Amino acid sequence: MAEKTAKTNALRLAESAGLDFEAFEYDISDGKIDANSIAAKIGRSPEEVFKTLVTEAPGHEYFVFVVPAASELDLKKAAKSCGRKSIDMIPMKSLLPLTGYVHGGCSPLGMKKLFPTYIDETAQLFDRIWVSGGRVGLNIAVVPDALAELIHAGFADIAK
């Protein structure tokens, strides 16, 4: 990990839990912070780099989904995986107050609250996956099963 990397909640949680991870910083000066661009910047395939998406079910129940950069969240599959009839993406303005993270820097680790989380089952095909490290410009490589164990996540078919 780079010496100058500022600690984020995600990094603090990973370190305190003894999670085996490696941090990768990337340049954001070009404004390209979508998951596919990040994959290119860190030299990984879009199938190995995962984005963290936050949803809401009726009744203000929140769920987190972690899907490959190359994919989209299938809202019907996602709702089914968490036993709800429907879910929707939360409004972008709600992300920071709810999770403590900004758009483009939302990590499945270290949110303000541990929400029910589901990781796309394709993560299990890789020794490591890359997820946000808790701020724009920072990703971390983690073992999918170790990540799931730490955040009490399940694996499900949720991408399209």
# chains A, B, ... in the order shown; residues from 1 in each chain; ligands from 1
$ closest_atom_pairs --of "segment 59-142 of chain A" --to "segment 18-28 of chain A" --cutoff "12 Å" --atoms "only C-alpha atoms" --output "Markdown table"
| residue | atom | partner | partner_atom | distance |
| --- | --- | --- | --- | --- |
| A:Gly104 | CA | A:Ile28 | CA | 10.5 |
| A:Gly105 | CA | A:Ile28 | CA | 11.5 |
| A:Leu109 | CA | A:Leu19 | CA | 10.9 |
| A:Asp127 | CA | A:Phe21 | CA | 11.7 |
| A:Arg128 | CA | A:Phe21 | CA | 8.9 |
| A:Ile129 | CA | A:Phe21 | CA | 9.9 |
| A:Trp130 | CA | A:Phe24 | CA | 9.0 |
| A:Val131 | CA | A:Ala23 | CA | 9.7 |
| A:Ser132 | CA | A:Ala23 | CA | 9.3 |
| A:Gly133 | CA | A:Ala23 | CA | 7.2 |
| A:Gly134 | CA | A:Ala23 | CA | 10.7 |
| A:Arg135 | CA | A:Glu25 | CA | 9.8 |
| A:Val136 | CA | A:Ile28 | CA | 7.5 |
| A:Gly137 | CA | A:Tyr26 | CA | 5.0 |
| A:Leu138 | CA | A:Glu25 | CA | 4.5 |
| A:Asn139 | CA | A:Phe24 | CA | 5.2 |
| A:Ile140 | CA | A:Ala23 | CA | 4.3 |
| A:Ala141 | CA | A:Glu22 | CA | 5.2 |
| A:Val142 | CA | A:Phe21 | CA | 4.9 |
$ write_last_selection --atoms "N, CA and C atoms" --output "JSON list (two decimals), in the first residue's frame"
[["chain", "number", "residue", "atom", "x", "y", "z"],
["A", 104, "GLY", "N", -18.93, 6.95, -6.85],
["A", 104, "GLY", "CA", -17.62, 6.66, -7.42],
["A", 104, "GLY", "C", -16.60, 6.22, -6.38],
["A", 105, "GLY", "N", -16.97, 6.36, -5.11],
["A", 105, "GLY", "CA", -16.06, 5.95, -4.04],
["A", 105, "GLY", "C", -16.76, 5.11, -2.98],
["A", 109, "LEU", "N", -17.16, -2.09, 2.12],
["A", 109, "LEU", "CA", -16.55, -2.11, 3.46],
["A", 109, "LEU", "C", -16.69, -0.76, 4.14],
["A", 127, "ASP", "N", -9.45, -15.27, -7.89],
["A", 127, "ASP", "CA", -8.71, -15.33, -6.63],
["A", 127, "ASP", "C", -8.89, -14.05, -5.84],
["A", 128, "ARG", "N", -8.94, -12.93, -6.58],
["A", 128, "ARG", "CA", -9.13, -11.61, -5.97],
["A", 128, "ARG", "C", -10.05, -10.79, -6.87],
["A", 129, "ILE", "N", -10.81, -9.92, -6.23],
["A", 129, "ILE", "CA", -11.60, -8.93, -6.97],
["A", 129, "ILE", "C", -11.20, -7.56, -6.46],
["A", 130, "TRP", "N", -11.49, -6.55, -7.27],
["A", 130, "TRP", "CA", -11.15, -5.17, -6.92],
["A", 130, "TRP", "C", -12.44, -4.42, -6.64],
["A", 131, "VAL", "N", -12.50, -3.78, -5.46],
["A", 131, "VAL", "CA", -13.65, -2.97, -5.06],
["A", 131, "VAL", "C", -13.14, -1.61, -4.61],
["A", 132, "SER", "N", -14.03, -0.66, -4.49],
["A", 132, "SER", "CA", -13.62, 0.67, -4.04],
["A", 132, "SER", "C", -13.00, 0.58, -2.65],
["A", 133, "GLY", "N", -11.97, 1.38, -2.47],
["A", 133, "GLY", "CA", -11.32, 1.48, -1.17],
["A", 133, "GLY", "C", -11.91, 2.57, -0.29],
["A", 134, "GLY", "N", -13.02, 3.16, -0.72],
["A", 134, "GLY", "CA", -13.70, 4.13, 0.12],
["A", 134, "GLY", "C", -13.55, 5.57, -0.30],
["A", 135, "ARG", "N", -12.90, 5.81, -1.41],
["A", 135, "ARG", "CA", -12.85, 7.15, -1.99],
["A", 135, "ARG", "C", -12.55, 7.02, -3.47],
["A", 136, "VAL", "N", -12.90, 8.05, -4.21],
["A", 136, "VAL", "CA", -12.61, 8.08, -5.63],
["A", 136, "VAL", "C", -11.08, 8.09, -5.77],
["A", 137, "GLY", "N", -10.56, 7.21, -6.62],
["A", 137, "GLY", "CA", -9.11, 7.13, -6.82],
["A", 137, "GLY", "C", -8.44, 6.03, -6.03],
["A", 138, "LEU", "N", -9.22, 5.21, -5.34],
["A", 138, "LEU", "CA", -8.64, 4.13, -4.53],
["A", 138, "LEU", "C", -9.47, 2.86, -4.65],
["A", 139, "ASN", "N", -8.84, 1.79, -5.06],
["A", 139, "ASN", "CA", -9.46, 0.47, -5.09],
["A", 139, "ASN", "C", -8.62, -0.48, -4.25],
["A", 140, "ILE", "N", -9.26, -1.54, -3.77],
["A", 140, "ILE", "CA", -8.52, -2.56, -3.04],
["A", 140, "ILE", "C", -8.82, -3.92, -3.66],
["A", 141, "ALA", "N", -7.80, -4.76, -3.68],
["A", 141, "ALA", "CA", -7.94, -6.14, -4.14],
["A", 141, "ALA", "C", -8.16, -7.02, -2.91],
["A", 142, "VAL", "N", -9.21, -7.84, -2.97],
["A", 142, "VAL", "CA", -9.56, -8.70, -1.84],
["A", 142, "VAL", "C", -9.96, -10.08, -2.35]]
$ select_by_dssp --residues "segment 42-152 of chain A" --states "alpha helix (DSSP H)" --output "ChimeraX atom specification"
/A:75-81,92-99,144-151
$ residues_around --residues "Cys106 of chain A" --least-positions-apart "4" --cutoff "12 Å" --atoms "only C-alpha atoms" --output "PyMOL selection string"
chain A and resi 8-10+33-35+50-54+64-66+92+95-102+110-112+131-140
$ write_last_selection --atoms "C-alpha atoms" --output "PDB file, in the first residue's frame"
ATOM      1  CA  THR A   8     -10.690   5.561   4.682  1.00  0.00           C
ATOM      2  CA  ASN A   9     -13.310   3.709   6.698  1.00  0.00           C
ATOM      3  CA  ALA A  10     -12.907   0.815   4.255  1.00  0.00           C
ATOM      4  CA  ILE A  33     -14.305   7.240 -12.587  1.00  0.00           C
ATOM      5  CA  ASP A  34     -16.772   4.671 -13.921  1.00  0.00           C
ATOM      6  CA  ALA A  35     -15.934   1.065 -13.088  1.00  0.00           C
ATOM      7  CA  PHE A  50     -16.651  -4.616  -8.985  1.00  0.00           C
ATOM      8  CA  LYS A  51     -18.849  -1.611  -8.314  1.00  0.00           C
ATOM      9  CA  THR A  52     -20.926  -1.156  -5.166  1.00  0.00           C
ATOM     10  CA  LEU A  53     -24.559  -0.164  -5.650  1.00  0.00           C
ATOM     11  CA  VAL A  54     -27.054   0.781  -2.950  1.00  0.00           C
ATOM     12  CA  VAL A  64     -26.083  -3.306  -1.116  1.00  0.00           C
ATOM     13  CA  PHE A  65     -25.110  -5.121  -4.301  1.00  0.00           C
ATOM     14  CA  VAL A  66     -21.582  -5.625  -5.620  1.00  0.00           C
ATOM     15  CA  MET A  92     -27.469   9.801  -5.695  1.00  0.00           C
ATOM     16  CA  LEU A  95     -25.672   7.985  -0.934  1.00  0.00           C
ATOM     17  CA  LEU A  96     -23.354  10.086   1.263  1.00  0.00           C
ATOM     18  CA  PRO A  97     -25.754  10.572   4.205  1.00  0.00           C
ATOM     19  CA  LEU A  98     -26.724   6.896   4.159  1.00  0.00           C
ATOM     20  CA  THR A  99     -23.349   5.220   3.601  1.00  0.00           C
ATOM     21  CA  GLY A 100     -20.686   7.828   4.331  1.00  0.00           C
ATOM     22  CA  TYR A 101     -19.387   7.432   0.780  1.00  0.00           C
ATOM     23  CA  VAL A 102     -19.671   9.537  -2.382  1.00  0.00           C
ATOM     24  CA  GLY A 110     -16.973   0.471   6.205  1.00  0.00           C
ATOM     25  CA  MET A 111     -20.373   1.962   5.447  1.00  0.00           C
ATOM     26  CA  LYS A 112     -22.041   3.856   8.291  1.00  0.00           C
ATOM     27  CA  VAL A 131     -13.649  -2.969  -5.063  1.00  0.00           C
ATOM     28  CA  SER A 132     -13.624   0.673  -4.036  1.00  0.00           C
ATOM     29  CA  GLY A 133     -11.323   1.476  -1.171  1.00  0.00           C
ATOM     30  CA  GLY A 134     -13.703   4.129   0.119  1.00  0.00           C
ATOM     31  CA  ARG A 135     -12.851   7.149  -1.987  1.00  0.00           C
ATOM     32  CA  VAL A 136     -12.608   8.084  -5.631  1.00  0.00           C
ATOM     33  CA  GLY A 137      -9.112   7.133  -6.821  1.00  0.00           C
ATOM     34  CA  LEU A 138      -8.640   4.133  -4.529  1.00  0.00           C
ATOM     35  CA  ASN A 139      -9.462   0.469  -5.085  1.00  0.00           C
ATOM     36  CA  ILE A 140      -8.523  -2.560  -3.045  1.00  0.00           C
TER      37      ILE A 140
END
$ closest_atom_pairs --of "segment 39-125 of chain A" --to "segment 149-156 of chain A" --cutoff "9 Å" --atoms "only C-alpha atoms" --output "Markdown table"
| residue | atom | partner | partner_atom | distance |
| --- | --- | --- | --- | --- |
| A:Lys77 | CA | A:Ala156 | CA | 8.6 |
| A:Ala78 | CA | A:Ala156 | CA | 8.2 |
| A:Ser81 | CA | A:Ala156 | CA | 6.6 |
| A:Pro108 | CA | A:Ile151 | CA | 7.6 |
| A:Leu109 | CA | A:Ile151 | CA | 6.9 |
| A:Gly110 | CA | A:Ile151 | CA | 8.8 |
| A:Leu114 | CA | A:Ile151 | CA | 7.1 |
| A:Phe115 | CA | A:Ile151 | CA | 8.7 |
| A:Pro116 | CA | A:Ala153 | CA | 6.8 |
| A:Thr117 | CA | A:Ala153 | CA | 4.7 |
| A:Tyr118 | CA | A:Gly154 | CA | 4.9 |
| A:Ile119 | CA | A:Phe155 | CA | 4.8 |
| A:Asp120 | CA | A:Ala156 | CA | 5.2 |
| A:Glu121 | CA | A:Phe155 | CA | 4.9 |
| A:Thr122 | CA | A:Phe155 | CA | 8.5 |
| A:Ala123 | CA | A:Phe155 | CA | 8.2 |
| A:Gln124 | CA | A:Phe155 | CA | 8.3 |
$ write_last_selection --atoms "N, CA, C and O atoms" --output "compact mmCIF listing (two decimals), in the first residue's frame"
# COMPACT_ATOMS: atom_id res chain seq x y z
N LYS A 77 -33.63 -9.62 -10.37
CA LYS A 77 -32.84 -10.67 -9.72
C LYS A 77 -32.39 -10.22 -8.33
O LYS A 77 -32.37 -11.01 -7.38
N ALA A 78 -32.02 -8.94 -8.22
CA ALA A 78 -31.56 -8.42 -6.93
C ALA A 78 -32.69 -8.48 -5.90
O ALA A 78 -32.48 -8.89 -4.76
N SER A 81 -33.18 -11.96 -4.79
CA SER A 81 -32.11 -12.46 -3.93
C SER A 81 -32.28 -12.02 -2.49
O SER A 81 -31.85 -12.72 -1.58
N PRO A 108 -18.03 -1.56 -0.35
CA PRO A 108 -18.87 -2.46 0.44
C PRO A 108 -18.37 -2.58 1.88
O PRO A 108 -19.06 -3.08 2.75
N LEU A 109 -17.16 -2.09 2.12
CA LEU A 109 -16.55 -2.11 3.46
C LEU A 109 -16.69 -0.76 4.14
O LEU A 109 -16.45 0.27 3.51
N GLY A 110 -17.05 -0.75 5.42
CA GLY A 110 -16.97 0.47 6.20
C GLY A 110 -18.08 1.48 6.00
O GLY A 110 -17.90 2.65 6.30
N LEU A 114 -23.99 -1.59 8.52
CA LEU A 114 -23.80 -2.81 7.74
C LEU A 114 -25.17 -3.24 7.18
O LEU A 114 -26.00 -3.78 7.90
N PHE A 115 -25.38 -2.94 5.91
CA PHE A 115 -26.63 -3.30 5.26
C PHE A 115 -26.52 -4.71 4.70
O PHE A 115 -25.42 -5.18 4.38
N PRO A 116 -27.67 -5.40 4.51
CA PRO A 116 -27.61 -6.70 3.84
C PRO A 116 -26.94 -6.53 2.48
O PRO A 116 -27.30 -5.63 1.71
N THR A 117 -25.95 -7.36 2.22
CA THR A 117 -25.12 -7.20 1.02
C THR A 117 -25.06 -8.49 0.24
O THR A 117 -24.95 -9.58 0.81
N TYR A 118 -25.09 -8.34 -1.09
CA TYR A 118 -25.00 -9.48 -2.01
C TYR A 118 -23.94 -9.17 -3.05
O TYR A 118 -23.92 -8.09 -3.63
N ILE A 119 -23.06 -10.14 -3.26
CA ILE A 119 -21.99 -10.02 -4.25
C ILE A 119 -22.34 -10.93 -5.42
O ILE A 119 -22.74 -12.08 -5.21
N ASP A 120 -22.18 -10.41 -6.63
CA ASP A 120 -22.48 -11.25 -7.79
C ASP A 120 -21.65 -12.53 -7.74
O ASP A 120 -20.45 -12.49 -7.44
N GLU A 121 -22.30 -13.64 -8.04
CA GLU A 121 -21.66 -14.95 -7.92
C GLU A 121 -20.41 -15.10 -8.78
O GLU A 121 -19.54 -15.92 -8.48
N THR A 122 -20.26 -14.29 -9.83
CA THR A 122 -19.07 -14.39 -10.68
C THR A 122 -17.80 -14.02 -9.92
O THR A 122 -16.70 -14.37 -10.35
N ALA A 123 -17.93 -13.31 -8.80
CA ALA A 123 -16.75 -12.96 -8.00
C ALA A 123 -15.99 -14.20 -7.57
O ALA A 123 -14.76 -14.18 -7.43
N GLN A 124 -16.72 -15.29 -7.38
CA GLN A 124 -16.10 -16.52 -6.91
C GLN A 124 -15.22 -17.19 -7.97
O GLN A 124 -14.50 -18.13 -7.66
$ atom_distance --atom1 "atom CA of Val49 of chain A" --atom2 "atom CA of Val67 of chain A"
8.3 Å
$ closest_residue --among "A:Lys113, A:Lys160, A:Lys93, A:Arg84" --to "Glu72 of chain A" --atoms "only C-alpha atoms"
A:Lys160
$ atom_distance --atom1 "atom CA of Asp30 of chain A" --atom2 "atom CA of Gly43 of chain A"
16.6 Å
$ select_by_dssp --residues "segment 11-122 of chain A" --states "strand (DSSP E or B)" --output "list in words"
Phe21, Glu22, Ala23, Phe24, Glu25, Val49, Phe50, Lys51, Thr52, Leu53, Val54, Thr55, Glu56, Ala57, Glu61, Tyr62, Phe63, Val64, Phe65, Val66, Val67, Pro68, Leu73, Asp88, Met89, Thr117, Tyr118, Ile119 and Asp120 of chain A
$ write_last_selection --atoms "N, CA, C and O atoms" --output "tab-separated table (two decimals), in the first residue's frame"
chain	number	residue	atom	x	y	z
A	21	PHE	N	-5.52	-7.67	1.92
A	21	PHE	CA	-5.90	-6.80	0.81
A	21	PHE	C	-4.70	-6.03	0.32
A	21	PHE	O	-3.68	-5.93	1.00
A	22	GLU	N	-4.84	-5.48	-0.87
A	22	GLU	CA	-3.82	-4.61	-1.43
A	22	GLU	C	-4.52	-3.39	-2.01
A	22	GLU	O	-5.53	-3.53	-2.70
A	23	ALA	N	-4.02	-2.20	-1.70
A	23	ALA	CA	-4.62	-0.96	-2.16
A	23	ALA	C	-3.97	-0.49	-3.46
A	23	ALA	O	-2.77	-0.65	-3.64
A	24	PHE	N	-4.79	0.05	-4.35
A	24	PHE	CA	-4.34	0.58	-5.63
A	24	PHE	C	-4.91	1.97	-5.81
A	24	PHE	O	-6.13	2.14	-5.82
A	25	GLU	N	-4.06	2.97	-5.95
A	25	GLU	CA	-4.52	4.31	-6.26
A	25	GLU	C	-4.44	4.52	-7.77
A	25	GLU	O	-3.58	3.94	-8.43
A	49	VAL	N	-13.21	-6.22	-11.65
A	49	VAL	CA	-13.41	-4.98	-10.90
A	49	VAL	C	-14.90	-4.83	-10.64
A	49	VAL	O	-15.71	-4.88	-11.57
A	50	PHE	N	-15.25	-4.64	-9.38
A	50	PHE	CA	-16.65	-4.62	-8.98
A	50	PHE	C	-17.05	-3.24	-8.48
A	50	PHE	O	-16.27	-2.55	-7.84
A	51	LYS	N	-18.29	-2.87	-8.80
A	51	LYS	CA	-18.85	-1.61	-8.31
A	51	LYS	C	-19.87	-1.92	-7.23
A	51	LYS	O	-20.50	-2.98	-7.23
A	52	THR	N	-20.03	-0.99	-6.31
A	52	THR	CA	-20.93	-1.16	-5.17
A	52	THR	C	-22.13	-0.27	-5.38
A	52	THR	O	-22.00	0.95	-5.54
A	53	LEU	N	-23.31	-0.87	-5.38
A	53	LEU	CA	-24.56	-0.16	-5.65
A	53	LEU	C	-25.50	-0.31	-4.46
A	53	LEU	O	-25.62	-1.39	-3.88
A	54	VAL	N	-26.16	0.78	-4.11
A	54	VAL	CA	-27.05	0.78	-2.95
A	54	VAL	C	-28.48	0.96	-3.44
A	54	VAL	O	-28.77	1.82	-4.27
A	55	THR	N	-29.36	0.12	-2.91
A	55	THR	CA	-30.76	0.12	-3.33
A	55	THR	C	-31.67	0.27	-2.12
A	55	THR	O	-31.25	0.13	-0.97
A	56	GLU	N	-32.94	0.53	-2.46
A	56	GLU	CA	-33.95	0.67	-1.41
A	56	GLU	C	-35.19	-0.11	-1.80
A	56	GLU	O	-35.66	-0.04	-2.93
A	57	ALA	N	-35.71	-0.87	-0.85
A	57	ALA	CA	-36.97	-1.58	-1.03
A	57	ALA	C	-38.06	-0.75	-0.36
A	57	ALA	O	-37.77	0.11	0.49
A	61	GLU	N	-36.04	-0.03	3.42
A	61	GLU	CA	-35.06	-1.08	3.67
A	61	GLU	C	-33.97	-0.93	2.61
A	61	GLU	O	-34.28	-0.82	1.43
A	62	TYR	N	-32.72	-0.96	3.06
A	62	TYR	CA	-31.61	-0.75	2.14
A	62	TYR	C	-30.82	-2.04	1.94
A	62	TYR	O	-30.62	-2.81	2.89
A	63	PHE	N	-30.37	-2.23	0.72
A	63	PHE	CA	-29.58	-3.40	0.35
A	63	PHE	C	-28.42	-2.95	-0.52
A	63	PHE	O	-28.55	-2.03	-1.33
A	64	VAL	N	-27.28	-3.62	-0.35
A	64	VAL	CA	-26.08	-3.31	-1.12
A	64	VAL	C	-25.79	-4.46	-2.06
A	64	VAL	O	-25.88	-5.64	-1.67
A	65	PHE	N	-25.44	-4.12	-3.29
A	65	PHE	CA	-25.11	-5.12	-4.30
A	65	PHE	C	-23.76	-4.77	-4.91
A	65	PHE	O	-23.48	-3.61	-5.21
A	66	VAL	N	-22.93	-5.80	-5.09
A	66	VAL	CA	-21.58	-5.63	-5.62
A	66	VAL	C	-21.52	-6.42	-6.92
A	66	VAL	O	-21.63	-7.64	-6.90
A	67	VAL	N	-21.40	-5.69	-8.05
A	67	VAL	CA	-21.47	-6.32	-9.37
A	67	VAL	C	-20.26	-5.96	-10.22
A	67	VAL	O	-19.65	-4.91	-10.01
A	68	PRO	N	-19.92	-6.81	-11.19
A	68	PRO	CA	-18.77	-6.51	-12.05
A	68	PRO	C	-18.95	-5.20	-12.83
A	68	PRO	O	-20.07	-4.83	-13.20
A	73	LEU	N	-26.70	-4.02	-12.58
A	73	LEU	CA	-27.49	-4.71	-11.58
A	73	LEU	C	-28.84	-5.03	-12.18
A	73	LEU	O	-29.52	-4.14	-12.70
A	88	ASP	N	-35.24	-0.44	-5.86
A	88	ASP	CA	-34.81	0.60	-6.78
A	88	ASP	C	-33.48	1.15	-6.29
A	88	ASP	O	-33.18	1.10	-5.09
A	89	MET	N	-32.72	1.73	-7.22
A	89	MET	CA	-31.49	2.40	-6.85
A	89	MET	C	-31.87	3.60	-5.97
A	89	MET	O	-32.89	4.24	-6.20
A	117	THR	N	-25.95	-7.36	2.22
A	117	THR	CA	-25.12	-7.20	1.02
A	117	THR	C	-25.06	-8.49	0.24
A	117	THR	O	-24.95	-9.58	0.81
A	118	TYR	N	-25.09	-8.34	-1.09
A	118	TYR	CA	-25.00	-9.48	-2.01
A	118	TYR	C	-23.94	-9.17	-3.05
A	118	TYR	O	-23.92	-8.09	-3.63
A	119	ILE	N	-23.06	-10.14	-3.26
A	119	ILE	CA	-21.99	-10.02	-4.25
A	119	ILE	C	-22.34	-10.93	-5.42
A	119	ILE	O	-22.74	-12.08	-5.21
A	120	ASP	N	-22.18	-10.41	-6.63
A	120	ASP	CA	-22.48	-11.25	-7.79
A	120	ASP	C	-21.65	-12.53	-7.74
A	120	ASP	O	-20.45	-12.49	-7.44
$ atom_distance --atom1 "atom CA of Gly83 of chain A" --atom2 "atom CA of Glu48 of chain A"
26.7 Å
